[in-house]
Amino acid sequence: MDLKTNSRLEKVLKSGQLAVTSECGPPRSSAPEGIIKKGELIKNHVDVINVTDNQTSVTRLCSLAACVHLKLQGLDPVLQMVVRDRNRIALQSDILGAASFGINNVLCLSGDHQSFGDNPQAQNVFDIDSMQLVQTVRRMRDEGRFLSGDEIKVPPNMFVGAAANPFADPFKIRVPRLAKKVAAGAEFIQTQCIYNVDKFELWMQGVRDRGLHEKVFILAGITPMRSVGMAKYLRKSVPGMDVPEELINRLAGVEKEKQAAEGITIAVETIQRLKEVKGVAGFHIMAIEWEEKVPEIVERSGLFPRPVID
């Protein structure tokens with residue numbers, strides 16, 4: 001294998017095995033026990049664990065500190081970084097800080113607009129965008145240079161990822177936008193939650209037509225539904241989310257106390273179907289505040305045990 005980093009995720013993907021990632025949201029507290037507990041729940045069933053960066057623009061324990069707590073527990077975290085809150089100086093500084101703790105994965109994101117969060121009056125930054133952040137980390141790693149051109153004596157050793165939403169409008173630019181992220185240097189992609197599997201497969205056809213599946217590892221996003229109410233909310237209120245009517249009807253046709261179990265079954269069925277799609281390199285399971293269900297989903301999907309990687 002031609003490995004660029006010490007990342008377990010890179011090793012699993014380049015070994016040709018389906019990768020499994022998941023994520024944990026840090027607490028709205030300085031106490032680390034919450035993020036540690038979440039990590040312990042899923043550590044044996046995933047390859048790496050994303051740590052979100054003030055998701056939905058709500059102030060939380062910072063992603064970098066939460067990643068360090070997971071690293072100290074022997075887990076392999078993915079540092080999520082949004083460009084909303086930091087300029088290029090702070091972003092590069094945090095990348096060095098993460099690398100100093102042996103954090104080997106980073107996911108470069110724009111970040112939800114602050115108007116959705118708990119401090120809507122906050123000023124956003126967006127000094128660089130998410131694609132430029134990808135370029136920045138790759139330059140720091142591969143060239144040993146800051147954006148200023150100055151030398152980095154010990155470059156960060158990071159596997160670099162980005163996000164993709166196959167469902168946002170206009171659909172026709174979704175594949176070209178992915179191509180731009182690949183050209184910027186993204187090595188793995190984690191997608192938006194997939195409920196409209198037909199549309200995702202259409203997007204993947206476009207990905208294959210441009211040969212992008214041979215240039216980047218695509219991890220399909222999976223979020224289990226907990227209720228028909230959740231499905232209706234995601235469909236109506238979350239931009240870029242595509243929840244088909246037939247999925248809502250399926251959940252609605254189940255007794256209320258059984259809807260969560262049905263949601264997990266739907267997630268498992270989605271994974272089983274997407275396993276057969278050429279170019280899908282693994283799955284990113286986002287069980288939001290429902291981390292205890294990740295092991296069940298992984299096991300029922302035939303993705304357990306996880307591979308042993310030296």
# chains A, B, ... in the order shown; residues from 1 in each chain; ligands from 1
$ residues_around --residues "A:Leu274" --least-positions-apart "5" --cutoff "9 Å" --atoms "only C-alpha atoms" --output "ChimeraX atom specification"
/A:197,201,220,269,280
$ closest_atom_pairs --of "stretch 122-187 of chain A" --to "stretch 210-218 of chain A" --cutoff "9 Å" --atoms "only C-alpha atoms" --output "JSON lines"
{"residue": "A:Val175", "atom": "CA", "partner": "A:Arg210", "partner_atom": "CA", "distance": 8.5}
{"residue": "A:Leu178", "atom": "CA", "partner": "A:Leu212", "partner_atom": "CA", "distance": 8.3}
{"residue": "A:Ala179", "atom": "CA", "partner": "A:Leu212", "partner_atom": "CA", "distance": 6.9}
{"residue": "A:Val182", "atom": "CA", "partner": "A:Val216", "partner_atom": "CA", "distance": 6.7}
{"residue": "A:Ala186", "atom": "CA", "partner": "A:Val216", "partner_atom": "CA", "distance": 7.0}
{"residue": "A:Glu187", "atom": "CA", "partner": "A:Val216", "partner_atom": "CA", "distance": 5.1}
$ residues_around --residues "stretch 133-150 of chain A" --least-positions-apart "3" --cutoff "7 Å" --atoms "only C-alpha atoms" --output "ChimeraX atom specification"
/A:108,128-130,155-158,160,184-186
$ closest_atom_pairs --of "stretch 215-253 of chain A" --to "stretch 20-23 of chain A" --cutoff "10 Å" --atoms "only C-alpha atoms" --output "CSV"
residue,atom,partner,partner_atom,distance
A:Leu219,CA,A:Val20,CA,8.0
A:Ala220,CA,A:Val20,CA,9.5
A:Gly221,CA,A:Ser22,CA,9.3
A:Ile222,CA,A:Ser22,CA,9.2
A:Thr223,CA,A:Ser22,CA,9.9
$ write_last_selection --atoms "N, CA and C atoms" --output "PDB file, in the first residue's frame"
ATOM      1  N   LEU A 219     -17.405   7.584   1.230  1.00  0.00           N
ATOM      2  CA  LEU A 219     -18.090   6.933   2.339  1.00  0.00           C
ATOM      3  C   LEU A 219     -19.536   7.423   2.361  1.00  0.00           C
ATOM      4  N   ALA A 220     -20.475   6.507   2.197  1.00  0.00           N
ATOM      5  CA  ALA A 220     -21.887   6.846   2.108  1.00  0.00           C
ATOM      6  C   ALA A 220     -22.455   7.156   3.495  1.00  0.00           C
ATOM      7  N   GLY A 221     -23.131   8.271   3.620  1.00  0.00           N
ATOM      8  CA  GLY A 221     -23.674   8.709   4.908  1.00  0.00           C
ATOM      9  C   GLY A 221     -24.975   8.005   5.261  1.00  0.00           C
ATOM     10  N   ILE A 222     -25.039   7.486   6.470  1.00  0.00           N
ATOM     11  CA  ILE A 222     -26.214   6.746   6.954  1.00  0.00           C
ATOM     12  C   ILE A 222     -26.637   7.319   8.300  1.00  0.00           C
ATOM     13  N   THR A 223     -27.885   7.784   8.397  1.00  0.00           N
ATOM     14  CA  THR A 223     -28.445   8.230   9.677  1.00  0.00           C
ATOM     15  C   THR A 223     -29.773   7.525   9.907  1.00  0.00           C
TER      16      THR A 223
END
$ residues_around --residues "stretch 28-44 of chain A" --least-positions-apart "3" --cutoff "10 Å" --atoms "only C-alpha atoms" --output "VMD selection string"
chain A and resid 21 to 25 47 to 51 54 58 to 62 65 to 67 69 to 77 289 to 296 298 304 to 306
$ atom_distance --atom1 "atom CA of A:Ala163" --atom2 "atom CA of A:Ile194"
13.1 Å
$ select_by_dssp --residues "stretch 11-237 of chain A" --states "alpha helix (DSSP H)" --output "PyMOL selection string"
chain A and resi 11-14+33-42+63-72+88-100+130-138+174-184+197-209+228-237
$ select_by_dssp --residues "stretch 28-184 of chain A" --states "strand (DSSP E or B)" --output "PyMOL selection string"
chain A and resi 48-51+77-82+105-109+145+151+159-164
$ write_last_selection --atoms "N, CA, C and O atoms" --output "compact mmCIF listing (two decimals), in the first residue's frame"
# COMPACT_ATOMS: atom_id res chain seq x y z
N VAL A 48 -12.71 4.77 12.60
CA VAL A 48 -12.37 6.07 13.17
C VAL A 48 -13.65 6.76 13.60
O VAL A 48 -14.75 6.39 13.18
N ILE A 49 -13.50 7.80 14.44
CA ILE A 49 -14.66 8.52 14.98
C ILE A 49 -14.52 10.01 14.68
O ILE A 49 -13.59 10.66 15.16
N ASN A 50 -15.44 10.55 13.88
CA ASN A 50 -15.46 11.99 13.66
C ASN A 50 -15.86 12.72 14.93
O ASN A 50 -16.72 12.24 15.69
N VAL A 51 -15.28 13.87 15.16
CA VAL A 51 -15.71 14.75 16.25
C VAL A 51 -16.17 16.06 15.62
O VAL A 51 -15.38 16.76 14.97
N PRO A 77 -9.41 9.44 16.15
CA PRO A 77 -10.43 10.43 15.81
C PRO A 77 -10.19 11.11 14.46
O PRO A 77 -9.07 11.13 13.94
N VAL A 78 -11.28 11.67 13.93
CA VAL A 78 -11.23 12.54 12.76
C VAL A 78 -11.58 13.94 13.24
O VAL A 78 -12.68 14.19 13.74
N LEU A 79 -10.65 14.86 13.10
CA LEU A 79 -10.87 16.24 13.50
C LEU A 79 -11.71 16.95 12.44
O LEU A 79 -11.26 17.12 11.31
N GLN A 80 -12.93 17.32 12.78
CA GLN A 80 -13.71 18.14 11.87
C GLN A 80 -13.34 19.60 12.09
O GLN A 80 -13.26 20.06 13.23
N MET A 81 -13.11 20.32 11.00
CA MET A 81 -12.75 21.73 11.08
C MET A 81 -13.64 22.53 10.14
O MET A 81 -13.74 22.21 8.95
N VAL A 82 -14.30 23.57 10.67
CA VAL A 82 -15.10 24.45 9.84
C VAL A 82 -14.36 25.77 9.65
O VAL A 82 -13.65 26.23 10.56
N ASN A 105 -6.32 12.41 11.05
CA ASN A 105 -7.41 12.59 10.10
C ASN A 105 -8.05 13.96 10.30
O ASN A 105 -8.24 14.40 11.44
N VAL A 106 -8.41 14.60 9.19
CA VAL A 106 -9.11 15.88 9.27
C VAL A 106 -10.18 15.92 8.20
O VAL A 106 -9.99 15.43 7.08
N LEU A 107 -11.35 16.45 8.56
CA LEU A 107 -12.45 16.65 7.62
C LEU A 107 -12.69 18.14 7.50
O LEU A 107 -13.00 18.81 8.50
N CYS A 108 -12.55 18.66 6.28
CA CYS A 108 -12.60 20.11 6.04
C CYS A 108 -14.00 20.51 5.60
O CYS A 108 -14.50 20.03 4.57
N LEU A 109 -14.61 21.43 6.35
CA LEU A 109 -16.01 21.80 6.14
C LEU A 109 -16.20 23.31 6.15
O LEU A 109 -15.39 24.05 6.71
N ARG A 145 4.97 23.26 3.97
CA ARG A 145 4.93 24.72 3.89
C ARG A 145 3.61 25.27 4.43
O ARG A 145 2.55 24.68 4.24
N GLU A 151 8.64 27.43 5.85
CA GLU A 151 8.83 25.99 6.04
C GLU A 151 8.25 25.52 7.37
O GLU A 151 8.30 26.22 8.39
N PHE A 159 -4.55 12.51 7.00
CA PHE A 159 -5.37 12.03 5.89
C PHE A 159 -6.51 13.03 5.75
O PHE A 159 -7.22 13.31 6.72
N VAL A 160 -6.70 13.57 4.55
CA VAL A 160 -7.53 14.76 4.37
C VAL A 160 -8.86 14.42 3.69
O VAL A 160 -8.90 13.83 2.60
N GLY A 161 -9.95 14.82 4.35
CA GLY A 161 -11.28 14.54 3.82
C GLY A 161 -12.12 15.78 3.64
O GLY A 161 -11.79 16.87 4.12
N ALA A 162 -13.24 15.61 2.93
CA ALA A 162 -14.21 16.66 2.72
C ALA A 162 -15.59 16.02 2.68
O ALA A 162 -15.73 14.79 2.70
N ALA A 163 -16.62 16.85 2.63
CA ALA A 163 -18.00 16.37 2.60
C ALA A 163 -18.61 16.61 1.23
O ALA A 163 -18.15 17.45 0.46
N ALA A 164 -19.66 15.84 0.93
CA ALA A 164 -20.39 16.03 -0.32
C ALA A 164 -21.87 15.79 -0.07
O ALA A 164 -22.23 14.90 0.71
$ residues_around --residues "stretch 245-260 of chain A" --least-positions-apart "4" --cutoff "6 Å" --atoms "only C-alpha atoms" --output "list in words"
Arg226, Ser227 and Val228 of chain A
$ write_last_selection --atoms "C-alpha atoms" --output "PDB file, in the first residue's frame"
ATOM      1  CA  ARG A 226     -35.968   7.438  15.146  1.00  0.00           C
ATOM      2  CA  SER A 227     -39.568   8.259  14.234  1.00  0.00           C
ATOM      3  CA  VAL A 228     -41.862   9.433  11.468  1.00  0.00           C
TER       4      VAL A 228
END
$ residues_around --residues "A:Ser115" --least-positions-apart "4" --cutoff "12 Å" --atoms "only C-alpha atoms" --output "PyMOL selection string"
chain A and resi 56-58+84+111+119-124
$ residues_around --residues "A:Asp198" --least-positions-apart "5" --cutoff "12 Å" --atoms "only C-alpha atoms" --output "list of chain:residue names"
A:Pro166, A:Phe167, A:Trp203, A:Met204, A:Gln205, A:Asp242, A:Val243, A:Pro244, A:Thr270, A:Arg273, A:Leu274, A:Val277
$ write_last_selection --atoms "N, CA, C and O atoms" --output "PDB file, in the first residue's frame"
ATOM      1  N   PRO A 166     -24.997  14.837  -2.311  1.00  0.00           N
ATOM      2  CA  PRO A 166     -25.509  14.483  -3.638  1.00  0.00           C
ATOM      3  C   PRO A 166     -26.923  14.983  -3.905  1.00  0.00           C
ATOM      4  O   PRO A 166     -27.420  14.835  -5.036  1.00  0.00           O
ATOM      5  N   PHE A 167     -27.580  15.558  -2.902  1.00  0.00           N
ATOM      6  CA  PHE A 167     -29.006  15.861  -3.014  1.00  0.00           C
ATOM      7  C   PHE A 167     -29.342  17.350  -3.090  1.00  0.00           C
ATOM      8  O   PHE A 167     -30.483  17.710  -3.353  1.00  0.00           O
ATOM      9  N   TRP A 203     -26.208   9.833  -8.765  1.00  0.00           N
ATOM     10  CA  TRP A 203     -25.017  10.654  -8.508  1.00  0.00           C
ATOM     11  C   TRP A 203     -23.748   9.825  -8.652  1.00  0.00           C
ATOM     12  O   TRP A 203     -22.776  10.259  -9.272  1.00  0.00           O
ATOM     13  N   MET A 204     -23.773   8.615  -8.112  1.00  0.00           N
ATOM     14  CA  MET A 204     -22.604   7.743  -8.207  1.00  0.00           C
ATOM     15  C   MET A 204     -22.308   7.370  -9.660  1.00  0.00           C
ATOM     16  O   MET A 204     -21.142   7.204 -10.035  1.00  0.00           O
ATOM     17  N   GLN A 205     -23.334   7.265 -10.485  1.00  0.00           N
ATOM     18  CA  GLN A 205     -23.096   7.001 -11.903  1.00  0.00           C
ATOM     19  C   GLN A 205     -22.310   8.152 -12.520  1.00  0.00           C
ATOM     20  O   GLN A 205     -21.355   7.941 -13.283  1.00  0.00           O
ATOM     21  N   ASP A 242     -33.009  14.920   1.345  1.00  0.00           N
ATOM     22  CA  ASP A 242     -33.993  14.337   0.434  1.00  0.00           C
ATOM     23  C   ASP A 242     -34.576  13.081   1.074  1.00  0.00           C
ATOM     24  O   ASP A 242     -33.941  12.026   1.096  1.00  0.00           O
ATOM     25  N   VAL A 243     -35.780  13.221   1.641  1.00  0.00           N
ATOM     26  CA  VAL A 243     -36.467  12.107   2.301  1.00  0.00           C
ATOM     27  C   VAL A 243     -37.706  11.756   1.477  1.00  0.00           C
ATOM     28  O   VAL A 243     -38.679  12.512   1.463  1.00  0.00           O
ATOM     29  N   PRO A 244     -37.710  10.630   0.775  1.00  0.00           N
ATOM     30  CA  PRO A 244     -38.840  10.268  -0.085  1.00  0.00           C
ATOM     31  C   PRO A 244     -40.126  10.022   0.706  1.00  0.00           C
ATOM     32  O   PRO A 244     -40.092   9.597   1.862  1.00  0.00           O
ATOM     33  N   THR A 270     -30.376  -0.033   3.612  1.00  0.00           N
ATOM     34  CA  THR A 270     -29.678   0.933   2.757  1.00  0.00           C
ATOM     35  C   THR A 270     -28.217   0.561   2.598  1.00  0.00           C
ATOM     36  O   THR A 270     -27.660   0.588   1.491  1.00  0.00           O
ATOM     37  N   ARG A 273     -27.814  -2.440   0.290  1.00  0.00           N
ATOM     38  CA  ARG A 273     -27.979  -2.083  -1.127  1.00  0.00           C
ATOM     39  C   ARG A 273     -26.757  -1.332  -1.652  1.00  0.00           C
ATOM     40  O   ARG A 273     -26.267  -1.612  -2.748  1.00  0.00           O
ATOM     41  N   LEU A 274     -26.247  -0.401  -0.846  1.00  0.00           N
ATOM     42  CA  LEU A 274     -25.135   0.419  -1.313  1.00  0.00           C
ATOM     43  C   LEU A 274     -23.810  -0.336  -1.343  1.00  0.00           C
ATOM     44  O   LEU A 274     -22.868   0.094  -2.018  1.00  0.00           O
ATOM     45  N   VAL A 277     -22.913  -0.982  -4.866  1.00  0.00           N
ATOM     46  CA  VAL A 277     -22.700   0.143  -5.774  1.00  0.00           C
ATOM     47  C   VAL A 277     -21.204   0.372  -5.978  1.00  0.00           C
ATOM     48  O   VAL A 277     -20.474   0.640  -5.016  1.00  0.00           O
TER      49      VAL A 277
END
$ atom_distance --atom1 "atom CA of A:Ile89" --atom2 "atom CA of A:Lys181"
21.6 Å
$ atom_distance --atom1 "atom CA of A:Ser100" --atom2 "atom CA of A:Lys180"
29.3 Å
$ closest_residue --among "A:Phe101, A:Gln132, A:Ala231, A:Phe283" --to "A:Ala183" --atoms "only C-alpha atoms"
A:Gln132
